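Source file: start_31.cif (mmCIF, C-alpha atoms)
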data_input
#
loop_
_atom_site.label_atom_id
_atom_site.label_comp_id
_atom_site.auth_asym_id
_atom_site.auth_seq_id
_atom_site.Cartn_x
_atom_site.Cartn_y
_atom_site.Cartn_z
CA MET A 1 0.00 0.00 0.00
CA HIS A 2 1.54 3.28 -1.10
CA LEU A 3 1.35 6.51 0.84
CA ASN A 4 -0.49 9.49 -0.59
CA ALA A 5 -1.51 12.93 0.57
CA GLU A 6 -4.64 11.62 2.26
CA ASP A 7 -2.83 8.98 4.30
CA ALA A 8 -1.61 9.40 7.88
CA VAL A 9 1.87 10.80 8.42
CA PRO A 10 4.55 8.27 7.42
CA LYS A 11 6.68 6.17 9.74
CA PHE A 12 10.43 5.99 9.10
CA ILE A 13 13.28 3.88 10.44
CA VAL A 14 16.71 5.50 10.10
CA ALA A 15 19.60 3.04 10.39
CA ASP A 16 23.10 4.53 10.43
CA ASP A 17 26.01 4.24 12.84
CA HIS A 18 26.93 7.91 12.34
CA PRO A 19 25.00 10.07 14.89
CA LEU A 20 25.59 13.29 12.95
CA PHE A 21 24.13 11.85 9.78
CA ARG A 22 21.14 10.36 11.63
CA SER A 23 20.51 13.84 13.00
CA ALA A 24 20.82 15.48 9.57
CA LEU A 25 18.51 12.93 7.95
CA ARG A 26 16.02 13.23 10.80
CA GLN A 27 15.90 16.99 10.24
CA SER A 28 15.33 16.56 6.50
CA ILE A 29 12.52 14.06 7.12
CA THR A 30 10.70 16.20 9.67
CA GLN A 31 10.96 19.26 7.42
CA THR A 32 9.43 17.30 4.56
CA PHE A 33 6.89 15.33 6.60
CA PRO A 34 5.93 17.30 9.73
CA GLY A 35 4.74 14.95 12.45
CA ALA A 36 6.37 11.87 10.89
CA GLU A 37 7.18 8.99 13.25
CA LEU A 38 10.92 8.33 13.44
CA TYR A 39 12.83 5.39 14.90
CA GLU A 40 16.62 4.95 14.84
CA ALA A 41 19.15 2.12 14.90
CA GLU A 42 22.94 2.22 15.01
CA ASP A 43 23.85 -1.37 14.10
CA MET A 44 22.27 -4.51 12.65
CA GLN A 45 21.33 -5.96 16.02
CA SER A 46 19.45 -2.84 17.16
CA LEU A 47 17.94 -2.54 13.67
CA GLN A 48 16.51 -6.06 13.84
CA HIS A 49 14.88 -5.21 17.17
CA CYS A 50 13.54 -1.97 15.69
CA VAL A 51 12.10 -3.72 12.63
CA ALA A 52 10.54 -6.38 14.86
CA GLY A 53 8.68 -3.65 16.75
CA HIS A 54 7.93 -1.38 13.78
CA GLY A 55 7.62 -3.68 10.80
CA ASP A 56 4.71 -1.56 9.59
CA ALA A 57 7.07 1.36 8.87
CA ASP A 58 6.57 3.05 5.50
CA LEU A 59 10.30 3.25 4.75
CA LEU A 60 13.62 2.06 6.14
CA LEU A 61 16.61 4.29 5.32
CA LEU A 62 19.60 1.96 5.56
CA ASP A 63 23.28 2.90 5.61
CA LEU A 64 25.19 0.54 3.35
CA HIS A 65 27.99 0.07 5.88
CA MET A 66 26.20 -0.88 9.10
CA PRO A 67 28.11 -2.59 11.93
CA GLY A 68 27.05 -6.24 11.96
CA ALA A 69 26.77 -6.50 8.17
CA ARG A 70 29.15 -6.50 5.23
CA GLY A 71 28.47 -4.79 1.93
CA PHE A 72 25.01 -5.61 0.65
CA SER A 73 24.39 -8.41 3.15
CA GLY A 74 22.32 -6.23 5.49
CA LEU A 75 20.04 -5.03 2.70
CA ILE A 76 19.63 -8.55 1.32
CA PHE A 77 18.95 -10.10 4.72
CA LEU A 78 16.34 -7.49 5.64
CA SER A 79 14.65 -7.81 2.24
CA GLY A 80 14.36 -11.55 2.86
CA GLN A 81 13.14 -11.20 6.44
CA CYS A 82 10.70 -8.33 5.81
CA PRO A 83 9.81 -8.26 2.09
CA GLU A 84 6.91 -5.90 2.77
CA LEU A 85 9.17 -3.19 4.27
CA PRO A 86 10.57 -0.80 1.60
CA VAL A 87 14.30 -0.19 2.06
CA MET A 88 16.16 2.79 0.63
CA VAL A 89 19.94 2.59 0.78
CA VAL A 90 21.76 5.71 1.97
CA SER A 91 25.51 5.87 1.45
CA ALA A 92 28.52 8.07 0.85
CA ASN A 93 29.56 5.54 -1.79
CA GLU A 94 28.27 7.13 -4.99
CA LYS A 95 29.59 4.74 -7.62
CA PRO A 96 26.87 4.08 -10.24
CA GLU A 97 27.51 0.32 -10.18
CA VAL A 98 27.00 0.24 -6.41
CA MET A 99 23.72 2.14 -6.74
CA CYS A 100 22.46 -0.23 -9.44
CA ARG A 101 23.45 -3.31 -7.45
CA ALA A 102 21.46 -2.00 -4.49
CA ILE A 103 18.33 -1.95 -6.66
CA ASP A 104 19.12 -5.45 -7.95
CA TYR A 105 19.26 -6.63 -4.34
CA GLY A 106 15.82 -5.26 -3.47
CA ALA A 107 16.27 -1.59 -2.52
CA CYS A 108 13.56 0.83 -3.63
CA GLY A 109 16.12 3.60 -4.04
CA PHE A 110 19.66 4.81 -3.40
CA LEU A 111 20.19 8.19 -1.76
CA PRO A 112 23.73 9.64 -1.77
CA LYS A 113 24.72 11.18 1.55
CA SER A 114 25.82 14.29 -0.31
CA ALA A 115 22.27 14.92 -1.58
CA PRO A 116 20.84 18.37 -0.72
CA VAL A 117 17.65 18.57 1.30
CA GLU A 118 15.51 19.29 -1.80
CA THR A 119 16.73 16.08 -3.42
CA ILE A 120 16.14 14.11 -0.22
CA ALA A 121 12.56 15.39 -0.07
CA ARG A 122 11.92 14.51 -3.71
CA ALA A 123 13.46 11.04 -3.32
CA LEU A 124 11.44 10.24 -0.20
CA ARG A 125 8.18 11.32 -1.81
CA GLN A 126 8.89 9.21 -4.88
CA VAL A 127 9.66 5.97 -3.02
CA LEU A 128 6.71 6.48 -0.67
CA ALA A 129 4.55 6.69 -3.79
CA GLY A 130 5.81 3.24 -4.78
CA ASP A 131 8.45 4.22 -7.33
CA ILE A 132 12.16 3.41 -7.48
CA TRP A 133 14.45 6.41 -7.06
CA LEU A 134 18.03 6.82 -8.25
CA PRO A 135 19.99 9.99 -9.04
CA GLU A 136 19.11 11.14 -12.55
CA ALA A 137 22.62 10.49 -13.85
CA VAL A 138 22.34 6.84 -12.80
CA ALA A 139 18.68 5.98 -13.35
CA GLY A 140 19.05 5.36 -17.09
CA HIS A 141 22.08 3.10 -16.82
CA ARG A 142 20.93 0.07 -14.88
CA GLY A 143 22.44 -3.19 -16.06
CA GLU A 144 20.91 -6.61 -16.48
CA GLY A 145 21.44 -7.88 -12.96
CA SER A 146 24.41 -8.87 -10.83
CA PRO A 147 26.17 -12.25 -11.02
CA GLU A 148 26.03 -12.51 -7.20
CA LEU A 149 22.23 -12.85 -7.11
CA ALA A 150 22.52 -16.57 -6.27
CA VAL A 151 24.54 -15.72 -3.16
CA ALA A 152 22.04 -12.95 -2.40
CA ASP A 153 19.20 -15.50 -2.46
CA VAL A 154 21.06 -17.54 0.14
CA VAL A 155 21.67 -14.55 2.43
CA ALA A 156 17.99 -13.59 2.13
CA SER A 157 17.04 -17.07 3.36
CA LEU A 158 19.25 -17.06 6.47
CA THR A 159 17.86 -16.97 9.99
CA PRO A 160 19.01 -14.07 12.22
CA GLN A 161 21.49 -16.37 14.00
CA GLN A 162 22.83 -17.78 10.73
CA PHE A 163 23.23 -14.23 9.45
CA ARG A 164 25.33 -13.25 12.47
CA VAL A 165 27.49 -16.35 12.05
CA ALA A 166 27.94 -15.65 8.33
CA ASN A 167 29.12 -12.10 8.96
CA MET A 168 31.54 -13.09 11.72
CA LEU A 169 32.86 -15.89 9.52
CA ALA A 170 33.45 -13.35 6.73
CA GLU A 171 35.32 -11.16 9.23
CA GLY A 172 37.72 -14.04 9.93
CA LEU A 173 36.54 -15.04 13.42
CA LEU A 174 37.18 -18.61 14.59
CA ASN A 175 34.39 -20.86 15.84
CA LYS A 176 35.30 -20.29 19.49
CA GLN A 177 35.32 -16.51 18.94
CA ILE A 178 31.92 -16.63 17.24
CA ALA A 179 30.59 -18.77 20.08
CA TYR A 180 31.87 -16.23 22.62
CA GLU A 181 30.34 -13.26 20.77
CA MET A 182 26.97 -15.00 20.44
CA ASN A 183 27.04 -16.61 23.90
CA VAL A 184 26.42 -20.08 22.46
CA THR A 185 28.38 -23.33 22.33
CA GLU A 186 30.87 -24.15 19.59
CA ALA A 187 28.59 -27.05 18.63
CA THR A 188 25.82 -24.54 17.90
CA VAL A 189 28.19 -22.48 15.76
CA LYS A 190 29.21 -25.60 13.83
CA ALA A 191 25.54 -26.43 13.22
CA HIS A 192 24.94 -22.93 11.83
CA LEU A 193 28.04 -23.22 9.63
CA THR A 194 26.91 -26.60 8.30
CA ALA A 195 23.56 -25.08 7.31
CA LEU A 196 25.31 -22.07 5.76
CA PHE A 197 27.71 -24.24 3.74
CA ARG A 198 24.80 -26.34 2.49
CA LYS A 199 22.85 -23.28 1.36
CA LEU A 200 25.90 -21.79 -0.35
CA ASN A 201 26.76 -25.18 -1.88
CA VAL A 202 30.35 -24.99 -0.60
CA SER A 203 32.44 -27.39 1.45
CA SER A 204 34.94 -25.16 3.28
CA ARG A 205 35.24 -21.95 5.25
CA THR A 206 37.43 -20.44 2.52
CA GLN A 207 34.81 -21.10 -0.17
CA ALA A 208 32.08 -19.65 2.06
CA VAL A 209 34.12 -16.51 2.76
CA LEU A 210 34.79 -16.04 -0.97
CA ALA A 211 31.10 -16.44 -1.80
CA LEU A 212 30.00 -14.00 0.90
CA GLY A 213 32.79 -11.62 -0.15
CA SER A 214 31.13 -11.20 -3.55
CA LEU A 215 28.58 -8.98 -1.77
CA ASP A 216 31.21 -6.68 -0.27
CA VAL A 217 31.41 -3.00 -1.12
CA GLU A 218 34.49 -0.86 -0.68
CA PRO A 219 33.73 1.53 2.18
CA PRO A 220 33.68 5.23 1.31
CA GLY A 221 35.79 7.85 3.02
CA GLN A 222 34.77 9.49 6.26
CA PHE A 223 31.39 11.18 5.95
CA THR A 224 31.20 14.89 6.69
CA PRO A 225 27.66 16.27 6.93
CA PRO A 226 27.01 19.17 4.54
CA PRO A 227 26.55 22.56 6.21
CA PRO A 228 22.86 23.28 6.93
CA LYS A 229 21.11 25.63 4.59
CA PRO A 230 19.59 28.71 6.22
CA SER A 231 16.23 28.31 4.53
CA PRO A 232 15.90 25.11 2.48
CA ALA A 233 13.35 25.16 -0.30
CA LEU A 234 11.68 21.76 -0.31
CA VAL A 235 10.22 20.54 -3.58
#
Now that the file is in, can you turn its structure into structure tokens?
Amino acid sequence: MHLNAEDAVPKFIVADDHPLFRSALRQSITQTFPGAELYEAEDMQSLQHCVAGHGDADLLLLDLHMPGARGFSGLIFLSGQCPELPVMVVSANEKPEVMCRAIDYGACGFLPKSAPVETIARALRQVLAGDIWLPEAVAGHRGEGSPELAVADVVASLTPQQFRVANMLAEGLLNKQIAYEMNVTEATVKAHLTALFRKLNVSSRTQAVLALGSLDVEPPGQFTPPPPKPSPALV
């Protein structure tokens, strides 16, 4: 169900580990949609709790480089867990191929962190209306899909615990370290890894790491929020 002018004020989830950017985005949202409901998360674990409590949100604004996820894995996992929740990727990584891959993996849009407030307002309105939004320079150059879609299908099918194990495996943690971080036994970790290997159709940790690595994205440089405009003209 798409939002229109007659609907109630929209509900947003803003997921980003950078407090300054969450604040800037929150300000842009409230200027565009006065009275909008806003919920925030700073990592994948808090985001999963937030989505569990507010799965009826109209839009999730997701930083591409969230702690607890690697590359596109967070977007893919959330799209698999909550297919009814629209997700718009927000990132300082403005490479056209990264933007197009985000759409291939289920995002309803890609908003560069450098976007001015007028562009943010226009992008939010468009995705809330049910459309896909990309910067104009990128929108006409989408390819024919990414070769990693098979791996993406696997990540989308993972349980929350399997997803945590997969990301810690990709980070190079040993079974005993994963068990410690998750407060479970090594036997439980091995069971999750067995299920992960089966889904990925691999037989070793190295093969699994390589497969999951195909979803990685080179992190952008340090984000610096743009200076606020004295009197933004929203479109």
Which residues fall under the PyMOL selection byres ((chain A and resi 133) around 9) in this file, as a PDB file with C-alpha atoms, keeping the file's coordinate frame?
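Generated output (out14.pdb):
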ATOM      1  CA  MET A  88      16.160   2.790   0.630  1.00  0.00           C
ATOM      2  CA  CYS A 108      13.560   0.830  -3.630  1.00  0.00           C
ATOM      3  CA  GLY A 109      16.120   3.600  -4.040  1.00  0.00           C
ATOM      4  CA  PHE A 110      19.660   4.810  -3.400  1.00  0.00           C
ATOM      5  CA  LEU A 111      20.190   8.190  -1.760  1.00  0.00           C
ATOM      6  CA  ALA A 123      13.460  11.040  -3.320  1.00  0.00           C
ATOM      7  CA  LEU A 124      11.440  10.240  -0.200  1.00  0.00           C
ATOM      8  CA  GLN A 126       8.890   9.210  -4.880  1.00  0.00           C
ATOM      9  CA  VAL A 127       9.660   5.970  -3.020  1.00  0.00           C
ATOM     10  CA  ASP A 131       8.450   4.220  -7.330  1.00  0.00           C
ATOM     11  CA  ILE A 132      12.160   3.410  -7.480  1.00  0.00           C
ATOM     12  CA  LEU A 134      18.030   6.820  -8.250  1.00  0.00           C
ATOM     13  CA  PRO A 135      19.990   9.990  -9.040  1.00  0.00           C
ATOM     14  CA  GLU A 136      19.110  11.140 -12.550  1.00  0.00           C
ATOM     15  CA  ALA A 139      18.680   5.980 -13.350  1.00  0.00           C
TER      16      ALA A 139
END
Closest to A:Gln27 among A:Arg164, A:Gln48, A:Ile120, A:Ala129, using all atoms listed in the file?
A:Ile120
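Atom pair atom CA of A:Leu61 / atom CA of A:Leu173 has a distance of 28.9 Å (rounded to one decimal).
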Can you work out which one of A:Leu212, A:Ile103, A:Ile13, A:Ala69 has the shortest atom-to-atom distance to A:Leu85, counting all atoms listed in the file?
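Distance minimum relative to A:Leu85 lands on A:Ile13.
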Distance of atom CA of A:Gly74 from atom CA of A:Val165, expressed in Å to one decimal place
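Between atom CA of A:Val165 and atom CA of A:Gly74 the gap works out to 13.1 Å.
The coordinates place atom CA of A:Arg205 at 8.5 Å from atom CA of A:Leu193.
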Point (29.8, -7.2, -0.7) neighbourhood (9 Å, all atoms listed in the file) written as a VMD selection string
chain A and resid 70 to 73 212 to 218
Best match for closeness to A:Gln45 among A:Tyr105, A:Phe163, A:Phe21, A:Phe33, counting all atoms listed in the file
A:Phe163
Every residue with an atom at most 10 Å from (12.0, -5.3, 5.9) (file coordinates; all atoms listed in the file) is what I'm after, so could you write them as a short mmCIF file (atom, residue, chain, number, x, y, z; two decimals) with C-alpha atoms, keeping the file's coordinate frame?
data_model
loop_
_atom_site.label_atom_id
_atom_site.label_comp_id
_atom_site.auth_asym_id
_atom_site.auth_seq_id
_atom_site.Cartn_x
_atom_site.Cartn_y
_atom_site.Cartn_z
CA GLN A 48 16.51 -6.06 13.84
CA VAL A 51 12.10 -3.72 12.63
CA ALA A 52 10.54 -6.38 14.86
CA HIS A 54 7.93 -1.38 13.78
CA GLY A 55 7.62 -3.68 10.80
CA ASP A 56 4.71 -1.56 9.59
CA ALA A 57 7.07 1.36 8.87
CA ASP A 58 6.57 3.05 5.50
CA LEU A 59 10.30 3.25 4.75
CA LEU A 60 13.62 2.06 6.14
CA LEU A 75 20.04 -5.03 2.70
CA ILE A 76 19.63 -8.55 1.32
CA PHE A 77 18.95 -10.10 4.72
CA LEU A 78 16.34 -7.49 5.64
CA SER A 79 14.65 -7.81 2.24
CA GLY A 80 14.36 -11.55 2.86
CA GLN A 81 13.14 -11.20 6.44
CA CYS A 82 10.70 -8.33 5.81
CA PRO A 83 9.81 -8.26 2.09
CA GLU A 84 6.91 -5.90 2.77
CA LEU A 85 9.17 -3.19 4.27
CA PRO A 86 10.57 -0.80 1.60
CA VAL A 87 14.30 -0.19 2.06
#
Using only C-alpha atoms for the distances, tell me which of A:Gly53, A:Gly106, A:Gly68, A:Gly35 is nearest to A:Ala156.
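When distances to A:Ala156 are compared using only C-alpha atoms, the smallest one comes from A:Gly106.
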Explicit residues for the PyMOL selection byres ((chain A and resi 39) around 7) (as an MDAnalysis selection string):
chainID A and resid 12:14 37:38 40
So, counting all atoms listed in the file, which residue among A:Val154, A:Ala15, A:Arg122, A:Leu20 is closest to A:Asn201?
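The answer is A:Val154, which sits nearest to A:Asn201.
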Under the PyMOL selection byres ((chain A and resi 174-179) around 12), which residues of this model are included? Write them out as a list in words.
Gln161, Gln162, Phe163, Arg164, Val165, Ala166, Asn167, Met168, Leu169, Ala170, Glu171, Gly172, Leu173, Tyr180, Glu181, Met182, Asn183, Val184, Thr185, Glu186, Ala187, Thr188, Val189, Lys190, Ala191, His192, Leu193 and Arg205 of chain A
Near-A:Pro112 list (6 Å; only C-alpha atoms; drop same-chain fewer than 4 positions) as a list in words:
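Here the qualifying residues turn out to be Val90, Ser91 and Ala92 of chain A.
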When you count only C-alpha atoms, which of these residues is closest to A:Asp104: A:Leu210, A:Asp17, A:Leu149, A:Arg125?
A:Leu149
Taking all atoms of stretch 50-53 of chain A that the file lists, what box with edges along x, y and z, padded by 3 Å per side, do you get, with centre and edge lengths in Å to one decimal, as lines of an AutoDock Vina configuration file?
center_x = 11.1
center_y = -4.2
center_z = 14.7
size_x = 10.9
size_y = 10.4
size_z = 10.1
Shell around A:Glu42 at 8 Å using all atoms listed in the file, local window under 2 positions removed, as a ChimeraX atom specification
/A:15-18,40,44,46-47,66-67
